[in-house]
Amino acid sequence: MSTVRPRLTLGLEAPRFSVCGCCGGRTTSLVRFVFRDGAPYAVYYAALSENHTAAGVRAVVSRGDWSAEGSPERRSAFALRLSASPAGFHVELVDGEDSPWRTATLIGRLLGRDEALVDPLLPEVLRIANEIAAQDPEVRAFLGLQGPNASAIPEA
């Protein structure tokens with residue numbers, strides 16, 4: 001018997017733009033909901049800096065209770081770096097202390113890299129990363145992703 005996975009969609013709110021403090025280039029900031037079958041399921045923040053393309057897309061995915069009754073205590077966050085590869089894209093887990101959102105409280109507790117690698121929510125976070133690379137036009141353009149996208153290749 002096959003199980004149908006719930007559909008994930010992204011709320012593509014308008015990006016915000018700022019000036020990079022170290023180089024004066026434009027930084028695009030994204031704050032977007034992920035919906036599972038139409039209900040809030042996760043949130044991700046992403047930063048794309050035009051003069052720092054080698055750094056990839058810095059992101060954080062927050063999973064947990066994003067319903068109207070949800071609270072940060074019922075969420076956890078995974079710090080990521082997305083980058084292009086010949087196979088599609090890579091997802092690298094990074095330490096939460098190195099994340100631009102290390103002081104954000106709304107996303108819940110930001111996990112350290114070693115903790116994130118063994119967290120039971122990691123497969124869902126990688127699925128969300130796949131959807132970001134497949135559906136988010138700003139991320140796709142920044143990474144140069146075209147056509148059908150390959151699955152995320154996690155880096156240990």
# chains A, B, ... in the order shown; residues from 1 in each chain; ligands from 1

$ select_by_dssp --residues "chain A" --states "strand (DSSP E)" --output "PyMOL selection string"
chain A and resi 8-10+16-19+26-36+39-49+57-64+75-85+88-93+109-110+153-155

$ residues_around --residues "range 57-71 of chain A" --least-positions-apart "2" --cutoff "6 Å" --atoms "only C-alpha atoms" --output "list in words"
Pro40, Tyr41, Ala42, Val43, Tyr44, Tyr45, Ala46, Ala47, Leu48, Glu73, Arg74, Arg75, Ser76, Ala77, Phe78, Ala79, Leu80, Arg81, Leu82 and Ile107 of chain A

$ closest_residue --among "A:Glu115, A:Leu126, A:Val31, A:Gly88" --to "Trp101 in chain A" --atoms "only C-alpha atoms"
A:Val31

$ atom_distance --atom1 "CA of Arg16 in chain A" --atom2 "CA of Leu111 in chain A"
25.6 Å

$ select_by_dssp --residues "chain A" --states "alpha helix (DSSP H)" --output "count of residues only"
26

$ closest_residue --among "A:Thr105, A:Val125, A:Ile132, A:Pro86" --to "Leu30 in chain A" --atoms "only C-alpha atoms"
A:Ile132

$ atom_distance --atom1 "CA of Gly96 in chain A" --atom2 "CA of Arg109 in chain A"
9.1 Å

$ residues_around --residues "Leu143 in chain A" --least-positions-apart "6" --cutoff "9 Å" --atoms "only C-alpha atoms" --output "MDAnalysis selection string"
chainID A and resid 53 56:57 82:85 89 133

$ write_last_selection --atoms "C-alpha atoms" --output "PDB file, in the first residue's frame"
ATOM      1  CA  THR A  53      27.524  34.268  -4.285  1.00  0.00           C
ATOM      2  CA  GLY A  56      25.420  30.327  -1.296  1.00  0.00           C
ATOM      3  CA  VAL A  57      22.037  30.943   0.261  1.00  0.00           C
ATOM      4  CA  LEU A  82      22.139  25.969  -0.033  1.00  0.00           C
ATOM      5  CA  SER A  83      24.492  25.967  -2.982  1.00  0.00           C
ATOM      6  CA  ALA A  84      24.394  24.945  -6.627  1.00  0.00           C
ATOM      7  CA  SER A  85      25.963  21.741  -7.903  1.00  0.00           C
ATOM      8  CA  PHE A  89      21.898  21.744  -5.362  1.00  0.00           C
ATOM      9  CA  ALA A 133      14.933  24.959  -4.408  1.00  0.00           C
TER      10      ALA A 133
END

$ atom_distance --atom1 "CA of Glu124 in chain A" --atom2 "CA of Phe142 in chain A"
23.3 Å

$ residues_around --residues "Thr27 in chain A" --least-positions-apart "2" --cutoff "7 Å" --atoms "only C-alpha atoms" --output "ChimeraX atom specification"
/A:17-20,25,29,47-50

$ closest_residue --among "A:Ala14, A:Ala55, A:Leu8, A:Leu110" --to "Ala39 in chain A" --atoms "only C-alpha atoms"
A:Leu8

$ residues_around --residues "Pro123 in chain A" --least-positions-apart "2" --cutoff "12 Å" --atoms "only C-alpha atoms" --output "PyMOL selection string"
chain A and resi 63+78+91+116-121+125-130+152-154

$ residues_around --residues "Leu10 in chain A" --least-positions-apart "4" --cutoff "7 Å" --atoms "only C-alpha atoms" --output "PDB file with C-alpha atoms, in the first residue's frame"
ATOM      1  CA  ARG A  32       8.282  32.658   4.021  1.00  0.00           C
ATOM      2  CA  PHE A  33       5.749  30.185   5.346  1.00  0.00           C
ATOM      3  CA  VAL A  34       5.657  26.576   4.218  1.00  0.00           C
ATOM      4  CA  PHE A  35       2.166  25.090   4.078  1.00  0.00           C
TER       5      PHE A  35
END
